[in-house]
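*Asks:* Structure file upload_17.cif (mmCIF, C-alpha atoms) is given on the next line.
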data_query
loop_
_atom_site.label_atom_id
_atom_site.label_comp_id
_atom_site.auth_asym_id
_atom_site.auth_seq_id
_atom_site.Cartn_x
_atom_site.Cartn_y
_atom_site.Cartn_z
CA MET A 31 25.11 28.41 -0.57
CA GLU A 32 23.37 31.63 -1.59
CA ALA A 33 20.50 29.65 -3.12
CA ALA A 34 20.13 27.61 0.06
CA ALA A 35 20.18 30.76 2.15
CA ALA A 36 17.36 32.15 0.04
CA VAL A 37 15.27 28.99 0.25
CA LEU A 38 15.60 28.21 3.96
CA PRO A 39 13.59 31.22 5.22
CA ALA A 40 10.77 30.30 2.83
CA LEU A 41 10.58 26.86 4.43
CA VAL A 42 9.51 28.38 7.74
CA PRO A 43 5.68 28.30 7.80
CA SER A 44 4.20 31.77 7.90
CA GLY A 45 0.97 32.62 9.64
CA SER A 46 -0.74 33.13 6.28
CA ALA A 47 0.38 29.68 5.07
CA VAL A 48 -1.04 28.07 8.20
CA VAL A 49 -4.31 29.98 7.71
CA VAL A 50 -4.54 28.83 4.08
CA LEU A 51 -3.88 25.20 5.07
CA PHE A 52 -6.43 25.07 7.89
CA ALA A 53 -9.03 27.06 5.96
CA TYR A 54 -8.67 24.54 3.14
CA LEU A 55 -8.92 21.49 5.41
CA GLY A 56 -11.77 23.07 7.35
CA TYR A 57 -13.69 23.72 4.15
CA LEU A 58 -13.23 20.12 3.02
CA ALA A 59 -14.40 18.75 6.37
CA ALA A 60 -17.51 20.95 6.31
CA ALA A 61 -18.25 20.32 2.64
CA GLY A 62 -17.82 16.57 3.06
CA ALA A 63 -20.34 16.54 5.89
CA ILE A 64 -22.91 18.96 4.44
CA LEU A 65 -22.95 18.62 0.66
CA PRO A 66 -25.14 15.91 -0.89
CA GLY A 67 -23.46 12.93 -2.49
CA LYS A 68 -23.84 9.28 -3.33
CA LEU A 69 -23.46 7.05 -0.28
CA VAL A 70 -21.23 4.17 -1.31
CA ALA A 71 -20.75 0.99 0.71
CA GLY A 72 -17.13 0.07 1.14
CA ALA A 73 -15.60 -3.39 0.94
CA VAL A 74 -16.63 -6.04 3.44
CA LEU A 75 -14.07 -6.02 6.24
CA PRO A 76 -12.79 -9.14 8.09
CA ASP A 77 -15.43 -8.73 10.81
CA SER A 78 -18.15 -8.55 8.09
CA SER A 79 -18.74 -4.85 8.73
CA ARG A 80 -18.77 -2.22 5.97
CA LEU A 81 -17.99 1.47 6.08
CA HIS A 82 -20.00 3.90 3.99
CA TYR A 83 -18.51 6.84 2.11
CA ARG A 84 -20.27 10.00 0.96
CA CYS A 85 -18.79 10.62 -2.48
CA ASN A 86 -19.40 14.34 -2.88
CA GLY A 87 -15.83 15.28 -3.78
CA LEU A 88 -16.72 16.58 -7.24
CA LEU A 89 -19.36 18.92 -5.85
CA ALA A 90 -16.96 20.08 -3.13
CA LEU A 91 -14.28 20.73 -5.75
CA LEU A 92 -16.57 22.68 -8.08
CA LEU A 93 -17.94 24.75 -5.20
CA LEU A 94 -14.43 25.59 -3.99
CA LEU A 95 -13.37 26.54 -7.52
CA GLY A 96 -16.39 28.85 -7.68
CA LEU A 97 -15.63 30.39 -4.30
CA CYS A 98 -12.00 30.98 -5.26
CA ALA A 99 -13.01 32.49 -8.61
CA PHE A 100 -15.39 34.85 -6.81
CA GLY A 101 -12.65 35.70 -4.30
CA VAL A 102 -10.28 36.62 -7.14
CA TYR A 103 -12.99 38.65 -8.91
CA ALA A 104 -13.82 40.51 -5.70
CA GLY A 105 -10.16 41.23 -5.03
CA TRP A 106 -10.08 39.24 -1.78
CA MET A 107 -7.31 36.95 -3.01
CA THR A 108 -4.90 36.58 -5.91
CA PRO A 109 -4.97 33.55 -8.24
CA THR A 110 -1.28 32.98 -7.46
CA VAL A 111 -1.77 32.81 -3.68
CA VAL A 112 -0.86 29.12 -3.51
CA ALA A 113 2.14 29.31 -5.84
CA ASP A 114 3.44 32.42 -4.08
CA ARG A 115 3.52 30.51 -0.79
CA GLY A 116 4.58 27.15 -2.20
CA LEU A 117 7.51 26.39 0.13
CA GLU A 118 5.72 27.80 3.17
CA LEU A 119 2.69 25.61 2.46
CA LEU A 120 4.95 22.63 1.87
CA SER A 121 6.64 22.98 5.26
CA ALA A 122 3.35 23.73 7.06
CA THR A 123 1.71 20.66 5.52
CA PHE A 124 4.73 18.48 6.32
CA ILE A 125 4.69 19.55 9.97
CA PHE A 126 0.95 18.96 10.11
CA SER A 127 1.43 15.46 8.63
CA VAL A 128 4.05 14.57 11.24
CA VAL A 129 1.86 15.82 14.12
CA VAL A 130 -1.19 13.98 12.78
CA SER A 131 0.83 10.78 12.38
CA PHE A 132 1.96 10.89 16.01
CA GLY A 133 -1.63 11.60 17.06
CA LEU A 134 -2.83 8.59 15.08
CA TYR A 135 -0.15 6.40 16.64
CA PHE A 136 -0.89 7.33 20.25
CA ALA A 137 -4.68 7.30 19.79
CA GLY A 138 -4.47 3.96 17.99
CA THR A 139 -2.33 2.23 20.58
CA LYS A 140 -4.76 3.29 23.32
CA SER A 141 -7.81 2.10 21.39
CA ARG A 142 -9.84 -0.74 22.87
CA HIS A 143 -12.10 -1.16 19.85
CA LYS A 144 -12.58 -4.66 18.47
CA SER A 145 -13.97 -3.70 15.03
CA SER A 146 -11.78 -4.22 11.96
CA SER A 147 -11.72 -0.47 11.29
CA LEU A 148 -10.49 0.64 14.69
CA LYS A 149 -8.83 -2.41 16.21
CA PRO A 150 -5.17 -1.56 16.93
CA HIS A 151 -2.48 -3.54 15.10
CA VAL A 152 0.68 -3.05 17.13
CA SER A 153 3.89 -4.81 16.15
CA GLY A 154 5.90 -3.42 19.05
CA ASN A 155 8.26 -1.62 16.67
CA PHE A 156 7.56 2.09 17.09
CA ILE A 157 8.97 3.15 13.70
CA GLU A 158 7.01 0.47 11.85
CA ASP A 159 3.75 1.23 13.67
CA TRP A 160 4.17 4.99 13.24
CA TRP A 161 5.07 4.62 9.57
CA LEU A 162 2.46 2.04 8.52
CA GLY A 163 -0.20 3.01 11.06
CA VAL A 164 -2.01 1.24 13.85
CA GLN A 165 -5.69 1.45 12.81
CA LEU A 166 -7.27 0.69 9.46
CA ASN A 167 -9.89 3.46 9.31
CA PRO A 168 -9.49 5.96 12.15
CA HIS A 169 -12.09 8.72 12.48
CA PHE A 170 -11.96 12.20 13.96
CA MET A 171 -15.19 14.02 14.80
CA GLY A 172 -17.06 11.75 12.42
CA VAL A 173 -14.59 12.21 9.54
CA ASP A 174 -13.02 9.13 7.96
CA LEU A 175 -9.45 10.41 7.95
CA LYS A 176 -8.08 8.08 5.29
CA PHE A 177 -10.75 9.00 2.74
CA PHE A 178 -10.49 12.67 3.78
CA PHE A 179 -6.72 12.93 3.35
CA VAL A 180 -6.61 11.41 -0.13
CA ARG A 181 -9.40 13.79 -1.18
CA ALA A 182 -7.46 16.73 0.25
CA GLY A 183 -4.26 15.71 -1.55
CA MET A 184 -5.89 15.21 -4.95
CA MET A 185 -7.75 18.50 -4.75
CA ALA A 186 -4.64 20.39 -3.59
CA TRP A 187 -2.78 19.02 -6.62
CA LEU A 188 -5.29 20.77 -8.89
CA PHE A 189 -5.22 24.06 -7.01
CA ILE A 190 -1.41 24.21 -6.99
CA SER A 191 -1.40 23.49 -10.74
CA LEU A 192 -3.98 26.19 -11.43
CA SER A 193 -2.05 28.68 -9.31
CA LEU A 194 1.09 27.89 -11.30
CA PHE A 195 -0.86 28.35 -14.53
CA SER A 196 -1.99 31.76 -13.29
CA LYS A 197 1.64 32.78 -12.75
CA SER A 198 2.54 31.58 -16.25
CA TYR A 199 -0.41 33.45 -17.74
CA LEU A 200 0.45 36.68 -15.93
CA ALA A 201 4.07 36.30 -17.07
CA GLY A 202 2.96 35.74 -20.67
CA SER A 203 4.73 32.37 -20.86
CA VAL A 204 1.80 30.07 -21.65
CA ASN A 205 2.62 27.78 -24.59
CA LEU A 206 1.76 24.30 -25.86
CA SER A 207 3.83 22.60 -23.15
CA VAL A 208 2.06 24.48 -20.35
CA ILE A 209 -1.38 23.89 -21.89
CA LEU A 210 -0.78 20.14 -22.29
CA TYR A 211 0.51 19.72 -18.76
CA GLN A 212 -2.37 21.69 -17.26
CA PHE A 213 -4.95 19.86 -19.36
CA PHE A 214 -3.60 16.43 -18.43
CA CYS A 215 -3.54 17.23 -14.70
CA ALA A 216 -6.99 18.82 -14.70
CA TRP A 217 -8.52 15.94 -16.65
CA TYR A 218 -6.94 13.31 -14.40
CA ILE A 219 -7.98 15.00 -11.16
CA ILE A 220 -11.52 15.91 -12.21
CA ASP A 221 -11.97 12.39 -13.57
CA TYR A 222 -10.82 11.05 -10.21
CA PHE A 223 -13.63 12.91 -8.47
CA VAL A 224 -16.18 11.91 -11.13
CA HIS A 225 -15.30 8.30 -10.28
CA GLU A 226 -14.52 8.90 -6.61
CA GLU A 227 -16.51 5.87 -5.53
CA PHE A 228 -13.92 3.66 -7.26
CA MET A 229 -11.47 4.75 -4.55
CA THR A 230 -13.51 2.81 -1.99
CA SER A 231 -12.40 -0.48 -3.55
CA THR A 232 -8.68 0.31 -3.78
CA TRP A 233 -5.99 -1.37 -1.72
CA ASP A 234 -5.19 1.81 0.22
CA ILE A 235 -8.74 2.10 1.53
CA ILE A 236 -9.37 -1.61 2.05
CA ALA A 237 -6.11 -2.87 3.51
CA GLU A 238 -3.53 -0.17 4.32
CA ARG A 239 -3.54 1.20 7.85
CA LEU A 240 -3.33 4.96 8.28
CA GLY A 241 0.12 6.05 9.41
CA PHE A 242 2.76 8.52 8.33
CA MET A 243 3.25 6.72 5.00
CA LEU A 244 -0.29 7.44 3.81
CA VAL A 245 -0.75 10.78 5.60
CA PHE A 246 2.49 12.18 4.16
CA GLY A 247 1.80 10.59 0.79
CA ASP A 248 -1.68 12.07 0.52
CA LEU A 249 -1.13 15.54 1.99
CA VAL A 250 2.46 16.30 1.01
CA PHE A 251 3.78 13.98 -1.67
CA ILE A 252 0.83 14.04 -4.06
CA PRO A 253 0.22 17.79 -4.27
CA PHE A 254 3.79 19.03 -3.92
CA THR A 255 5.80 16.51 -5.95
CA PHE A 256 3.22 15.77 -8.64
CA THR A 257 3.39 19.48 -9.54
CA ILE A 258 7.17 19.54 -10.07
CA GLN A 259 6.53 19.69 -13.82
CA GLY A 260 4.41 22.81 -13.37
CA TRP A 261 7.15 24.51 -11.36
CA TRP A 262 9.68 23.48 -14.00
CA LEU A 263 7.64 24.94 -16.86
CA LEU A 264 7.18 28.15 -14.89
CA ARG A 265 10.94 28.68 -14.86
CA ASN A 266 11.95 26.97 -18.13
CA GLU A 267 10.42 27.70 -21.50
CA VAL A 268 9.94 24.48 -23.47
CA GLU A 269 8.76 24.69 -27.07
CA LEU A 270 7.11 21.48 -28.28
CA SER A 271 6.50 20.74 -31.94
CA LEU A 272 2.95 19.93 -32.96
CA LEU A 273 3.98 16.33 -33.72
CA ALA A 274 5.52 15.95 -30.25
CA GLY A 275 2.37 17.41 -28.70
CA VAL A 276 0.15 14.95 -30.58
CA ALA A 277 2.36 12.01 -29.55
CA ASN A 278 2.23 13.20 -25.94
CA PHE A 279 -1.55 13.47 -26.12
CA CYS A 280 -1.81 9.92 -27.51
CA ILE A 281 0.27 8.53 -24.63
CA PHE A 282 -2.02 10.31 -22.18
CA ILE A 283 -5.18 8.92 -23.82
CA ILE A 284 -3.84 5.35 -23.92
CA GLY A 285 -2.74 5.59 -20.30
CA TYR A 286 -6.09 7.03 -19.26
CA LEU A 287 -8.10 4.33 -21.05
CA VAL A 288 -6.04 1.53 -19.51
CA PHE A 289 -5.96 3.05 -16.02
CA ARG A 290 -9.62 4.04 -15.82
CA GLY A 291 -10.83 0.95 -17.68
CA ALA A 292 -8.95 -1.49 -15.45
CA ASN A 293 -10.04 0.20 -12.23
CA LYS A 294 -13.65 0.38 -13.41
CA GLN A 295 -13.67 -3.32 -14.28
CA LYS A 296 -12.31 -4.21 -10.84
CA HIS A 297 -14.82 -1.97 -9.07
CA VAL A 298 -17.78 -3.31 -11.06
CA PHE A 299 -16.63 -6.89 -10.52
CA LYS A 300 -16.48 -6.40 -6.76
CA LYS A 301 -20.01 -5.00 -6.79
CA ASP A 302 -21.42 -7.59 -9.20
CA PRO A 303 -19.20 -10.60 -10.03
CA LYS A 304 -21.54 -11.58 -12.89
CA ALA A 305 -21.43 -8.21 -14.69
CA PRO A 306 -20.14 -8.59 -18.29
CA ILE A 307 -16.60 -7.50 -19.11
CA TRP A 308 -16.12 -6.15 -22.63
CA GLY A 309 -19.56 -7.53 -23.50
CA LYS A 310 -18.80 -11.08 -22.37
CA PRO A 311 -19.41 -13.02 -19.13
CA PRO A 312 -16.39 -12.59 -16.83
CA LYS A 313 -13.85 -15.37 -16.64
CA LEU A 314 -13.09 -16.26 -13.04
CA VAL A 315 -10.32 -18.28 -11.44
CA GLY A 316 -11.49 -20.30 -8.47
CA GLY A 317 -14.71 -18.29 -8.50
CA LYS A 318 -12.88 -15.33 -6.90
CA LEU A 319 -10.29 -13.77 -9.20
CA LEU A 320 -11.18 -11.85 -12.36
CA ALA A 321 -9.24 -12.98 -15.44
CA SER A 322 -11.17 -11.04 -18.08
CA GLY A 323 -10.70 -7.66 -19.71
CA TYR A 324 -7.59 -5.81 -18.60
CA TRP A 325 -7.17 -8.27 -15.73
CA GLY A 326 -6.69 -11.07 -18.25
CA ILE A 327 -3.85 -9.15 -19.92
CA ALA A 328 -1.72 -8.42 -16.86
CA ARG A 329 -2.23 -8.95 -13.14
CA HIS A 330 -1.70 -5.23 -12.44
CA CYS A 331 -2.66 -3.65 -15.76
CA ASN A 332 -3.96 -0.56 -13.95
CA TYR A 333 -0.36 0.16 -12.90
CA LEU A 334 0.65 0.28 -16.57
CA GLY A 335 -2.02 2.90 -17.23
CA ASP A 336 -0.89 4.91 -14.22
CA LEU A 337 2.72 4.86 -15.42
CA LEU A 338 1.77 6.03 -18.91
CA LEU A 339 -0.23 8.87 -17.39
CA ALA A 340 2.70 9.89 -15.19
CA LEU A 341 4.99 9.87 -18.22
CA SER A 342 2.56 12.03 -20.19
CA PHE A 343 2.60 14.63 -17.38
CA SER A 344 6.39 14.95 -17.71
CA LEU A 345 6.88 14.81 -21.50
CA PRO A 346 5.72 18.45 -22.01
CA CYS A 347 8.88 19.46 -20.10
CA GLY A 348 11.16 18.07 -22.82
CA PHE A 349 14.38 16.19 -22.15
CA SER A 350 16.82 18.86 -21.00
CA SER A 351 16.63 17.73 -17.36
CA VAL A 352 15.69 14.67 -15.33
CA ILE A 353 13.97 16.81 -12.68
CA PRO A 354 10.51 16.81 -14.33
CA TYR A 355 10.72 13.02 -14.57
CA PHE A 356 10.87 12.53 -10.82
CA TYR A 357 7.17 11.63 -10.67
CA PRO A 358 7.17 8.79 -13.25
CA THR A 359 10.49 7.49 -11.91
CA TYR A 360 9.22 7.47 -8.35
CA LEU A 361 5.93 5.92 -9.44
CA LEU A 362 7.72 3.14 -11.31
CA ILE A 363 9.69 2.23 -8.18
CA LEU A 364 6.62 2.54 -5.95
CA LEU A 365 4.35 0.42 -8.15
CA ILE A 366 6.91 -2.35 -8.58
CA TRP A 367 7.37 -2.40 -4.79
CA ARG A 368 3.60 -2.36 -4.28
CA GLU A 369 3.08 -5.03 -6.91
CA ARG A 370 5.53 -7.28 -5.04
CA ARG A 371 3.67 -6.67 -1.78
CA ASP A 372 0.32 -7.35 -3.47
CA GLU A 373 1.60 -10.57 -4.99
CA ALA A 374 2.88 -11.84 -1.63
CA ARG A 375 -0.41 -11.02 0.12
CA CYS A 376 -2.55 -12.51 -2.63
CA SER A 377 -0.43 -15.65 -2.71
CA GLN A 378 -0.93 -16.06 1.02
CA LYS A 379 -4.65 -15.28 0.86
CA TYR A 380 -5.69 -17.26 -2.22
CA LYS A 381 -2.97 -19.96 -2.24
CA GLU A 382 -3.64 -22.47 -5.06
CA ILE A 383 -6.14 -20.14 -6.73
CA TRP A 384 -3.50 -17.44 -7.01
CA ALA A 385 -0.97 -19.87 -8.47
CA GLU A 386 -3.55 -20.89 -11.08
CA TYR A 387 -4.26 -17.23 -11.87
CA CYS A 388 -0.55 -16.53 -12.33
CA LYS A 389 -0.29 -19.38 -14.85
CA LEU A 390 -3.28 -18.04 -16.76
CA VAL A 391 -2.07 -14.40 -16.61
CA PRO A 392 1.75 -14.60 -16.45
CA TRP A 393 2.52 -10.91 -16.93
CA ARG A 394 2.66 -8.65 -13.87
CA ILE A 395 2.36 -5.13 -15.36
CA LEU A 396 3.59 -4.89 -18.96
CA PRO A 397 2.75 -7.86 -21.23
CA TYR A 398 5.78 -9.64 -22.74
CA VAL A 399 8.16 -7.44 -20.71
CA TYR A 400 7.38 -7.75 -17.01
#
Could you write out this structure as structure tokens?
*Replies:*
Amino acid sequence: MEAAAAVLPALVPSGSAVVVLFAYLGYLAAAGAILPGKLVAGAVLPDSSRLHYRCNGLLALLLLLGLCAFGVYAGWMTPTVVADRGLELLSATFIFSVVVSFGLYFAGTKSRHKSSSLKPHVSGNFIEDWWLGVQLNPHFMGVDLKFFFVRAGMMAWLFISLSLFSKSYLAGSVNLSVILYQFFCAWYIIDYFVHEEFMTSTWDIIAERLGFMLVFGDLVFIPFTFTIQGWWLLRNEVELSLLAGVANFCIFIIGYLVFRGANKQKHVFKKDPKAPIWGKPPKLVGGKLLASGYWGIARHCNYLGDLLLALSFSLPCGFSSVIPYFYPTYLLILLIWRERRDEARCSQKYKEIWAEYCKLVPWRILPYVY
């Protein structure tokens, strides 16, 4: 009861937490519109239209890191500002996500647009429409909100992690576990922005409507739950042996190679179906489905890579508690659920071609297991 009494006040958003949140989102909106970046054509939508995305996330990230470093050097801010206001920022971002989701629902249901991006999809069930969204790619003041929110969530993940690292450094508690966790997160997130254009060909961007599920997932779930390991290491000293550290690093590298390799192959294939895969002409099923490279090993091999990466983020925390393993456990459940949804949609879309592909590639995620 005492612990709950201490936590509850921190969950009330302070004025400073609201300022940090809106300053951050305002910076991203301005940087996304102003900074140069590669203009990438998105997937062809059902009405044959295509959205275009300015992939300048890496430049925006590096510039913000530089601005924050200068702010710390000049004494305008502390490097632990985000970690110090963790719960306040969590509650402020959650409230913002709920408000935005209602705004998207009401704006979407009133839309009269006929384009695939903005055409309303209303089931008549308020909870379902609010949760899953009404429009595919809603915009606000020229900003593609779906692309913007996932960028904001990924970048916030890095800044929360770095703020936690600053607290560990100032407390003198940096060890191999902390270094591995921070390195894995930084590598994953920076690599995401290096390959940001790959995001334009993912299922979330192409097919998922923007509702509370994605808004909450991008703005709240990604940055605040994917950093649970960092919070754990801040309060629990975990000493890893060198052998355990090397094994952890190997799991991360294997996961990264599978995850990035599979997503790159899919992205390249969608841009150029004749591009070689692993130095050979791609094998296609029905002229539409890729059955080469990682996609000839398992139908969702990228999910396997993602799961290995998630596991590698948690292993530096040791095995004394299940709390640091929330992320890989959640991701396992999510990806199996998503894989089932993908399979049902692909079966309906491709029919006999999908059945042929399943015979050729029988494994869903992990070969010889699932």
*Asks:* What box, with edges along x, y and z, holds each listed atom of segment 119-134 of chain A when 8 Å is added on every side, and can you state its centre and edge lengths in Å to one decimal, as JSON?
*Replies:*
{"center_x": 1.9, "center_y": 17.1, "center_z": 9.5, "size_x": 25.5, "size_y": 33.0, "size_z": 31.2}
*Asks:* For Ile366 of chain A, work out the shell of residues within 9 Å, counting only C-alpha atoms and skipping chain neighbours fewer than 4 positions away, then give it as a list of chain:residue names.
*Replies:*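 Here the answer would be A:Tyr333, A:Leu361, A:Leu362, A:Arg370, A:Arg371, A:Ile395.
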*Asks:* Taking 5 positions as the minimum chain separation for residues in the same chain, which residues sit within 9 Å of segment 341-350 of chain A when counting all atoms listed in the file? Answer as a PDB file with C-alpha atoms, keeping the file's coordinate frame.
*Replies:*
ATOM      1  CA  LEU A 206       1.760  24.300 -25.860  1.00  0.00           C
ATOM      2  CA  SER A 207       3.830  22.600 -23.150  1.00  0.00           C
ATOM      3  CA  VAL A 208       2.060  24.480 -20.350  1.00  0.00           C
ATOM      4  CA  ILE A 209      -1.380  23.890 -21.890  1.00  0.00           C
ATOM      5  CA  LEU A 210      -0.780  20.140 -22.290  1.00  0.00           C
ATOM      6  CA  TYR A 211       0.510  19.720 -18.760  1.00  0.00           C
ATOM      7  CA  GLN A 212      -2.370  21.690 -17.260  1.00  0.00           C
ATOM      8  CA  PHE A 214      -3.600  16.430 -18.430  1.00  0.00           C
ATOM      9  CA  CYS A 215      -3.540  17.230 -14.700  1.00  0.00           C
ATOM     10  CA  PHE A 256       3.220  15.770  -8.640  1.00  0.00           C
ATOM     11  CA  ILE A 258       7.170  19.540 -10.070  1.00  0.00           C
ATOM     12  CA  GLN A 259       6.530  19.690 -13.820  1.00  0.00           C
ATOM     13  CA  GLY A 260       4.410  22.810 -13.370  1.00  0.00           C
ATOM     14  CA  TRP A 262       9.680  23.480 -14.000  1.00  0.00           C
ATOM     15  CA  LEU A 263       7.640  24.940 -16.860  1.00  0.00           C
ATOM     16  CA  ASN A 266      11.950  26.970 -18.130  1.00  0.00           C
ATOM     17  CA  GLU A 267      10.420  27.700 -21.500  1.00  0.00           C
ATOM     18  CA  VAL A 268       9.940  24.480 -23.470  1.00  0.00           C
ATOM     19  CA  GLU A 269       8.760  24.690 -27.070  1.00  0.00           C
ATOM     20  CA  LEU A 270       7.110  21.480 -28.280  1.00  0.00           C
ATOM     21  CA  ALA A 274       5.520  15.950 -30.250  1.00  0.00           C
ATOM     22  CA  GLY A 275       2.370  17.410 -28.700  1.00  0.00           C
ATOM     23  CA  ASN A 278       2.230  13.200 -25.940  1.00  0.00           C
ATOM     24  CA  PHE A 279      -1.550  13.470 -26.120  1.00  0.00           C
ATOM     25  CA  CYS A 280      -1.810   9.920 -27.510  1.00  0.00           C
ATOM     26  CA  ILE A 281       0.270   8.530 -24.630  1.00  0.00           C
ATOM     27  CA  PHE A 282      -2.020  10.310 -22.180  1.00  0.00           C
ATOM     28  CA  GLY A 285      -2.740   5.590 -20.300  1.00  0.00           C
ATOM     29  CA  ASP A 336      -0.890   4.910 -14.220  1.00  0.00           C
ATOM     30  CA  TYR A 355      10.720  13.020 -14.570  1.00  0.00           C
ATOM     31  CA  PHE A 356      10.870  12.530 -10.820  1.00  0.00           C
ATOM     32  CA  TYR A 357       7.170  11.630 -10.670  1.00  0.00           C
ATOM     33  CA  PRO A 358       7.170   8.790 -13.250  1.00  0.00           C
ATOM     34  CA  THR A 359      10.490   7.490 -11.910  1.00  0.00           C
TER      35      THR A 359
END
*Asks:* With the cut-off set at 10 Å and counting all atoms listed in the file, tabulate each residue of segment 208-324 of chain A with an atom at most that distance from an atom of segment 157-180 of chain A, showing the nearest atom pair and its distance in Å to one decimal, ordered by chain and increasing number, as a tab-separated table.
*Replies:*
residue	atom	partner	partner_atom	distance
A:Met229	CA	A:Phe177	CA	8.5
A:Thr230	CA	A:Phe177	CA	8.3
A:Asp234	CA	A:Lys176	CA	8.6
A:Ile235	CA	A:Lys176	CA	7.1
A:Ile236	CA	A:Leu166	CA	8.0
A:Ala237	CA	A:Leu166	CA	7.0
A:Glu238	CA	A:Leu166	CA	6.4
A:Arg239	CA	A:Leu166	CA	4.1
A:Leu240	CA	A:Gly163	CA	4.6
A:Gly241	CA	A:Gly163	CA	3.5
A:Phe242	CA	A:Trp161	CA	4.7
A:Met243	CA	A:Trp161	CA	5.3
A:Leu244	CA	A:Leu162	CA	7.7
A:Val245	CA	A:Phe179	CA	6.7
A:Phe246	CA	A:Phe179	CA	9.3
A:Gly247	CA	A:Val180	CA	8.5
A:Asp248	CA	A:Val180	CA	5.0
A:Leu249	CA	A:Phe179	CA	6.3
A:Ile252	CA	A:Val180	CA	8.8
*Asks:* Would you compute the distance between atom CA of Leu334 of chain A and atom CA of Phe289 of chain A? Give it in Å to one decimal.
*Replies:*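 Going from atom CA of Leu334 of chain A over to atom CA of Phe289 of chain A, I get 7.2 Å.
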*Asks:* Closest to Leu65 of chain A among A:Leu81, A:Val128, A:Ala53, A:Leu92, using all atoms listed in the file?
*Replies:*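 Result for the nearest residue to Leu65 of chain A: A:Leu92.
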*Asks:* Do you have the atom CA of Met185 of chain A-atom CA of Ile283 of chain A distance handy?
*Replies:* 21.5 Å
*Asks:* Would you mind telling me which residue in A:Leu287, A:Ala277, A:Ala201, A:Lys294 lies nearest to Arg265 of chain A when using all atoms listed in the file?
*Replies:* A:Ala201
*Asks:* What gap, in Å, lies between atom CA of Thr123 of chain A and atom CA of Leu51 of chain A?
*Replies:*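 Interatomic distance here is 7.2 Å.
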*Asks:* Residues picked by the PyMOL selection byres ((chain A and resi 118) around 9) here, as a list in words?
*Replies:*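 This file, filtered by the PyMOL selection byres ((chain A and resi 118) around 9), leaves Pro39, Ala40, Leu41, Val42, Pro43, Ser44, Ser46, Ala47, Val48, Asp114, Arg115, Gly116, Leu117, Leu119, Leu120, Ser121, Ala122 and Thr123 of chain A.
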*Asks:* In terms of the shortest atom-to-atom distance over all atoms listed in the file, which of A:Ile327, A:His151, A:Phe223, A:Pro354 is closest to Arg84 of chain A?
*Replies:*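 Once distances to Arg84 of chain A are computed over all atoms listed in the file, the minimum belongs to A:Phe223.
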*Asks:* Take the PyMOL selection byres ((chain A and resi 66-71) around 10), apply it to the structure above, and return the hits as number ranges by chain.
*Replies:* A: 61-65, 72-74, 80-90, 226-228, 230-231, 301
*Asks:* Produce a file of the selected residues containing C-alpha atoms, as a short mmCIF file (atom, residue, chain, number, x, y, z; two decimals), keeping the file's coordinate frame.
*Replies:*
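Output file again.cif is given in full below:
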data_model
loop_
_atom_site.label_atom_id
_atom_site.label_comp_id
_atom_site.auth_asym_id
_atom_site.auth_seq_id
_atom_site.Cartn_x
_atom_site.Cartn_y
_atom_site.Cartn_z
CA ALA A 61 -18.25 20.32 2.64
CA GLY A 62 -17.82 16.57 3.06
CA ALA A 63 -20.34 16.54 5.89
CA ILE A 64 -22.91 18.96 4.44
CA LEU A 65 -22.95 18.62 0.66
CA GLY A 72 -17.13 0.07 1.14
CA ALA A 73 -15.60 -3.39 0.94
CA VAL A 74 -16.63 -6.04 3.44
CA ARG A 80 -18.77 -2.22 5.97
CA LEU A 81 -17.99 1.47 6.08
CA HIS A 82 -20.00 3.90 3.99
CA TYR A 83 -18.51 6.84 2.11
CA ARG A 84 -20.27 10.00 0.96
CA CYS A 85 -18.79 10.62 -2.48
CA ASN A 86 -19.40 14.34 -2.88
CA GLY A 87 -15.83 15.28 -3.78
CA LEU A 88 -16.72 16.58 -7.24
CA LEU A 89 -19.36 18.92 -5.85
CA ALA A 90 -16.96 20.08 -3.13
CA GLU A 226 -14.52 8.90 -6.61
CA GLU A 227 -16.51 5.87 -5.53
CA PHE A 228 -13.92 3.66 -7.26
CA THR A 230 -13.51 2.81 -1.99
CA SER A 231 -12.40 -0.48 -3.55
CA LYS A 301 -20.01 -5.00 -6.79
#
*Asks:* Applied to the shown file, which residues does the PyMOL selection byres ((chain A and resi 320) around 10) return, written as a list in words?
*Replies:*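 Written out, the selection comes to Gln295, Lys296, Phe299, Lys300, Pro303, Ile307, Pro312, Lys313, Leu314, Val315, Gly316, Gly317, Lys318, Leu319, Ala321, Ser322, Gly323, Tyr324, Trp325, Gly326, Arg329 and Tyr387 of chain A.
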*Asks:* I want to know what sits within 7 Å of Gly335 of chain A, based on only C-alpha atoms, with residues of the same chain fewer than 2 positions away left out; could you give that as an NGL selection string?
*Replies:* :A and (285-286 or 288-289 or 331-333 or 337-339)
